[in-house]
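Visitor: Handing you this structure, nothing more for now.
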Amino acid sequence: KQEVTQIPAALSVPEGENLVLNCSFTDSAIYNLQWFRQDPGKGLTSLLLIQSSQREQTSGRLNASLDKSSGRSTLYIAASQPGDSATYLCAVSFSGAGSYQLTFGKGTKLSVIP
Amino acid sequence: DTAVSQTPKYLVTQMGNDKSIKCEQNLGHDTMYWYKQDSKKFLKIMFSYNNKELIINETVPNRFSPKSPDKAHLNLHINSLELGDSAVYFCASSRYLGTGQETQYFGPGTRLLVL
């Protein structure tokens with residue numbers, strides 16, 4: 001069964017710290033891996049998409065890496081701010097399911113303390 | 001400008017009723033999705049349509065019926081609502097490229113509560 005796991009489920013850090021969120025997946029045959037942000041009561045916002053052939057993607061203070069062989073991805077957030085507080089979801093498009101079908105992890109709830 | 005919109009935002013109804021949720025996207029995408037996020041915040045695909053044709057149909061009760069009148073709309077009709085249907089339902093859309101570059105854009109969600 002293809003699954004996506006995110007650890008930890010919740011994380012609290014003081015403002016200004018760099019932090020890493022982890023995502024693991026059970027099958028290395030993937031189309032892509034995506035990181036989303038979900039604010040309370042809101043929809044999901046796509047942060048970064050890493051294609052199967054890529055090792056990392058960067059957007060501003062965010063950097064996502066992908067290691068297919070080990071089935072892992074990390075989302076690095078530099079110089080965290082209170083506005084970064086949200087739930088971060090990792091989603092994988094497994095090759096056997098079609099490039100458009102995403103399997104989500106349960107998310108990591110991040111709190112950045114001022 | 002709202003890219004993916006859903007109506008209603010909140011829906012409170014009695015068990016046994018029939019209800020519909022509407023979704024519209026103005027991004028020019030050809031693929032649309034319905035997801036269910038349960039009380040534990042786990043997000044799972046339900047259906048997907050590409051150019052008005054069903055391409056993903058996960059194991060959901062047949063009380064749930066998606067309808068796509070055109071590429072910009074994907075509605076979800078639910079018959080005989082049950083308590084367990086209470087959840088947040090998200091609509092999303094993307095282009096279909098088949099290359100692994102399809103970023104999905106999500107609507108704000110419809111919070112359904114069945115009493």
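Within each chain, counting starts at residue 1; across the structure tokens, chains are named A, B, ... in the order shown, with ligands numbered 1 upward in that order.
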Mind checking which residues fall within 12 Å of B:Gln101, counting only C-alpha atoms, ignoring those fewer than 3 positions away in the same chain, and posting them as a VMD selection string?
Guide: (chain A and resid 30 to 34 48 to 54 92 to 93 98 to 101) or (chain B and resid 94 to 98 104)
Visitor: Keeping only C-alpha atoms, write the selected residues to a file as a compact mmCIF listing (two decimals), in the first residue's frame.
Guide:
```txt
# COMPACT_ATOMS: atom_id res chain seq x y z
CA ILE A 30 6.84 8.58 -8.12
CA TYR A 31 5.94 11.34 -10.56
CA ASN A 32 6.42 14.15 -8.08
CA LEU A 33 6.25 15.24 -4.47
CA GLN A 34 4.50 18.41 -3.40
CA LEU A 48 6.81 23.60 -3.87
CA LEU A 49 6.63 20.77 -6.40
CA ILE A 50 9.63 18.51 -6.94
CA GLN A 51 9.54 16.31 -10.01
CA SER A 52 10.88 12.80 -9.87
CA SER A 53 14.03 13.79 -11.75
CA GLN A 54 14.84 16.69 -9.41
CA VAL A 92 3.12 12.25 -3.41
CA SER A 93 2.03 11.32 -6.91
CA GLY A 98 -1.36 8.52 -12.48
CA SER A 99 0.59 11.73 -12.40
CA TYR A 100 -2.38 13.74 -11.20
CA GLN A 101 -3.42 11.57 -8.22
CA SER B 94 -4.95 21.40 -12.35
CA ARG B 95 -3.77 21.15 -15.87
CA TYR B 96 -3.30 17.62 -17.15
CA LEU B 97 0.23 17.28 -18.51
CA GLY B 98 1.11 13.68 -17.74
CA GLN B 104 -3.11 21.38 -7.90
```
Visitor: Tell me as a PyMOL selection string which residues belonging to chain B come within 9 Å of chain A, counting only C-alpha atoms.
Guide: chain B and resi 31+40-45+48+56+90+94-109+111
Visitor: Would you mind listing what lies within 10 Å of A:Lys109 as a PyMOL selection string, with only C-alpha atoms counted and same-chain residues fewer than 2 positions away left out?
Guide: chain A and resi 7-12+21+37-39+85-89+106-107+111
Visitor: So, counting only C-alpha atoms, which residue among A:Arg55, A:Val4, A:Val20, A:Pro14 is closest to A:Ile77?
Guide: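 Under the stated criterion, the closest residue is A:Val20.
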Visitor: B:Gly16: which residues within 7 Å, counting only C-alpha atoms, same-chain residues fewer than 5 positions away excluded, as a list in words?
Guide: Ser80, Leu81 and Glu82 of chain B
Visitor: For the strand (DSSP E) assignment from backbone DSSP, which residues of stretch 11-104 of chain A qualify? Please present them as a ChimeraX atom specification.
Guide: /A:11-14,19-25,30-38,44-51,56-59,62-67,72-77,86-94,103-104
Visitor: Quick one: pull the distance between atom CA of B:Asn50 and atom CA of B:Leu11, Å, one decimal.
Guide: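 We find that atom CA of B:Asn50 and atom CA of B:Leu11 lie 26.9 Å from each other.
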Visitor: I'd like to know which of A:Pro40, A:Ser24, A:Trp35, A:Val112 is closest to A:Gln81, using only C-alpha atoms.
Guide: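 Ranked by minimum distance to A:Gln81, first place goes to A:Val112.
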Visitor: Just want the 9 Å neighbourhood of B:Gln25, counted on only C-alpha atoms, with same-chain residues fewer than 2 positions away dropped. Output as a PyMOL selection string.
Guide: chain B and resi 2-6+23+27-29+32+71-74+92-93+107
Visitor: Put those residues in a file: all heavy atoms, as an mmCIF file, in the first residue's frame.
Guide:
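What ended up in part31.cif:
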```
data_model
loop_
_atom_site.group_PDB
_atom_site.id
_atom_site.type_symbol
_atom_site.label_atom_id
_atom_site.label_comp_id
_atom_site.auth_asym_id
_atom_site.auth_seq_id
_atom_site.Cartn_x
_atom_site.Cartn_y
_atom_site.Cartn_z
ATOM 1 N N THR B 2 -10.978 34.928 -7.496
ATOM 2 C CA THR B 2 -10.965 33.606 -6.883
ATOM 3 C C THR B 2 -10.655 32.580 -7.947
ATOM 4 O O THR B 2 -11.353 32.488 -8.946
ATOM 5 C CB THR B 2 -12.330 33.310 -6.248
ATOM 6 O OG1 THR B 2 -12.623 34.319 -5.296
ATOM 7 C CG2 THR B 2 -12.280 31.960 -5.564
ATOM 8 N N ALA B 3 -9.604 31.768 -7.735
ATOM 9 C CA ALA B 3 -9.210 30.795 -8.730
ATOM 10 C C ALA B 3 -10.128 29.569 -8.693
ATOM 11 O O ALA B 3 -10.653 29.152 -9.718
ATOM 12 C CB ALA B 3 -7.766 30.400 -8.499
ATOM 13 N N VAL B 4 -10.286 28.992 -7.496
ATOM 14 C CA VAL B 4 -11.169 27.841 -7.306
ATOM 15 C C VAL B 4 -12.165 28.222 -6.203
ATOM 16 O O VAL B 4 -11.750 28.514 -5.088
ATOM 17 C CB VAL B 4 -10.389 26.578 -6.905
ATOM 18 C CG1 VAL B 4 -11.350 25.402 -6.771
ATOM 19 C CG2 VAL B 4 -9.291 26.279 -7.910
ATOM 20 N N SER B 5 -13.418 28.223 -6.531
ATOM 21 C CA SER B 5 -14.437 28.624 -5.561
ATOM 22 C C SER B 5 -15.406 27.473 -5.309
ATOM 23 O O SER B 5 -15.675 26.659 -6.199
ATOM 24 C CB SER B 5 -15.196 29.861 -6.041
ATOM 25 O OG SER B 5 -15.830 29.596 -7.282
ATOM 26 N N GLN B 6 -15.916 27.442 -4.093
ATOM 27 C CA GLN B 6 -16.857 26.406 -3.695
ATOM 28 C C GLN B 6 -18.046 27.063 -3.001
ATOM 29 O O GLN B 6 -17.887 28.023 -2.251
ATOM 30 C CB GLN B 6 -16.227 25.420 -2.699
ATOM 31 C CG GLN B 6 -15.097 24.611 -3.232
ATOM 32 C CD GLN B 6 -14.493 23.689 -2.180
ATOM 33 O OE1 GLN B 6 -13.294 23.632 -2.015
ATOM 34 N NE2 GLN B 6 -15.334 22.943 -1.472
ATOM 35 N N CYS B 23 -18.533 23.547 -7.334
ATOM 36 C CA CYS B 23 -17.159 23.998 -7.482
ATOM 37 C C CYS B 23 -16.954 24.581 -8.867
ATOM 38 O O CYS B 23 -17.423 24.003 -9.870
ATOM 39 C CB CYS B 23 -16.186 22.846 -7.261
ATOM 40 S SG CYS B 23 -14.449 23.309 -7.485
ATOM 41 N N LEU B 27 -9.290 29.018 -13.897
ATOM 42 C CA LEU B 27 -7.879 28.931 -14.256
ATOM 43 C C LEU B 27 -7.658 28.330 -15.636
ATOM 44 O O LEU B 27 -6.512 28.200 -16.063
ATOM 45 C CB LEU B 27 -7.133 28.088 -13.208
ATOM 46 C CG LEU B 27 -7.141 28.677 -11.795
ATOM 47 C CD1 LEU B 27 -6.657 27.647 -10.787
ATOM 48 C CD2 LEU B 27 -6.273 29.924 -11.741
ATOM 49 N N GLY B 28 -8.729 27.899 -16.282
ATOM 50 C CA GLY B 28 -8.594 27.272 -17.588
ATOM 51 C C GLY B 28 -8.058 25.844 -17.506
ATOM 52 O O GLY B 28 -7.584 25.302 -18.511
ATOM 53 N N HIS B 29 -8.125 25.237 -16.321
ATOM 54 C CA HIS B 29 -7.649 23.870 -16.153
ATOM 55 C C HIS B 29 -8.629 22.870 -16.756
ATOM 56 O O HIS B 29 -9.814 23.154 -16.912
ATOM 57 C CB HIS B 29 -7.453 23.556 -14.666
ATOM 58 C CG HIS B 29 -6.301 24.300 -14.063
ATOM 59 N ND1 HIS B 29 -6.162 24.474 -12.699
ATOM 60 C CD2 HIS B 29 -5.226 24.900 -14.622
ATOM 61 C CE1 HIS B 29 -5.052 25.156 -12.454
ATOM 62 N NE2 HIS B 29 -4.477 25.431 -13.612
ATOM 63 N N MET B 32 -10.278 18.381 -12.648
ATOM 64 C CA MET B 32 -10.798 18.825 -11.361
ATOM 65 C C MET B 32 -10.950 17.638 -10.422
ATOM 66 O O MET B 32 -11.093 16.490 -10.871
ATOM 67 C CB MET B 32 -12.138 19.555 -11.540
ATOM 68 C CG MET B 32 -11.999 20.823 -12.371
ATOM 69 S SD MET B 32 -13.520 21.779 -12.511
ATOM 70 C CE MET B 32 -13.684 22.430 -10.838
ATOM 71 N N LYS B 71 -15.812 21.862 -18.324
ATOM 72 C CA LYS B 71 -14.466 21.725 -17.743
ATOM 73 C C LYS B 71 -14.243 22.629 -16.548
ATOM 74 O O LYS B 71 -13.357 22.375 -15.734
ATOM 75 C CB LYS B 71 -13.416 22.016 -18.817
ATOM 76 C CG LYS B 71 -13.296 20.944 -19.855
ATOM 77 C CD LYS B 71 -12.015 21.099 -20.677
ATOM 78 C CE LYS B 71 -11.944 22.411 -21.403
ATOM 79 N NZ LYS B 71 -10.723 22.496 -22.256
ATOM 80 N N ALA B 72 -15.011 23.689 -16.418
ATOM 81 C CA ALA B 72 -14.800 24.649 -15.346
ATOM 82 C C ALA B 72 -15.582 24.330 -14.076
ATOM 83 O O ALA B 72 -15.417 25.006 -13.062
ATOM 84 C CB ALA B 72 -15.165 26.050 -15.819
ATOM 85 N N HIS B 73 -16.441 23.333 -14.138
ATOM 86 C CA HIS B 73 -17.314 23.024 -12.998
ATOM 87 C C HIS B 73 -17.279 21.541 -12.662
ATOM 88 O O HIS B 73 -17.279 20.689 -13.556
ATOM 89 C CB HIS B 73 -18.766 23.412 -13.304
ATOM 90 C CG HIS B 73 -18.953 24.879 -13.505
ATOM 91 N ND1 HIS B 73 -18.747 25.493 -14.727
ATOM 92 C CD2 HIS B 73 -19.327 25.861 -12.636
ATOM 93 C CE1 HIS B 73 -18.983 26.797 -14.610
ATOM 94 N NE2 HIS B 73 -19.343 27.044 -13.364
ATOM 95 N N LEU B 74 -17.241 21.258 -11.357
ATOM 96 C CA LEU B 74 -17.371 19.881 -10.877
ATOM 97 C C LEU B 74 -18.183 19.933 -9.592
ATOM 98 O O LEU B 74 -17.721 20.467 -8.591
ATOM 99 C CB LEU B 74 -16.008 19.233 -10.614
ATOM 100 C CG LEU B 74 -16.059 17.782 -10.104
ATOM 101 C CD1 LEU B 74 -16.743 16.886 -11.137
ATOM 102 C CD2 LEU B 74 -14.671 17.271 -9.776
ATOM 103 N N ALA B 92 -10.424 20.875 -6.118
ATOM 104 C CA ALA B 92 -9.131 21.332 -6.629
ATOM 105 C C ALA B 92 -9.133 21.219 -8.144
ATOM 106 O O ALA B 92 -9.976 20.523 -8.730
ATOM 107 C CB ALA B 92 -7.984 20.507 -6.034
ATOM 108 N N SER B 93 -8.183 21.897 -8.766
ATOM 109 C CA SER B 93 -8.063 21.783 -10.220
ATOM 110 C C SER B 93 -6.594 21.832 -10.619
ATOM 111 O O SER B 93 -5.738 22.298 -9.855
ATOM 112 C CB SER B 93 -8.844 22.901 -10.930
ATOM 113 O OG SER B 93 -8.182 24.147 -10.792
ATOM 114 N N GLY B 107 -9.683 24.862 -3.579
ATOM 115 C CA GLY B 107 -10.694 25.800 -3.121
ATOM 116 C C GLY B 107 -10.641 25.926 -1.605
ATOM 117 O O GLY B 107 -9.871 25.226 -0.932
#
```
Visitor: Which residue, A:Leu110, A:Ser73, A:Asp84, A:Gln2, has the smallest gap to A:Asn22 when you use only C-alpha atoms?
Guide: A:Ser73
Visitor: Do you have the atom CA of B:Val88-atom CA of B:Val60 distance handy?
Guide: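 Calculated distance between atom CA of B:Val88 and atom CA of B:Val60 is 15.1 Å.
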Visitor: What is the atom CA of A:Glu17 to atom CA of A:Ala78 distance in Å?
Guide: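 Between atom CA of A:Glu17 and atom CA of A:Ala78 the gap works out to 6.9 Å.
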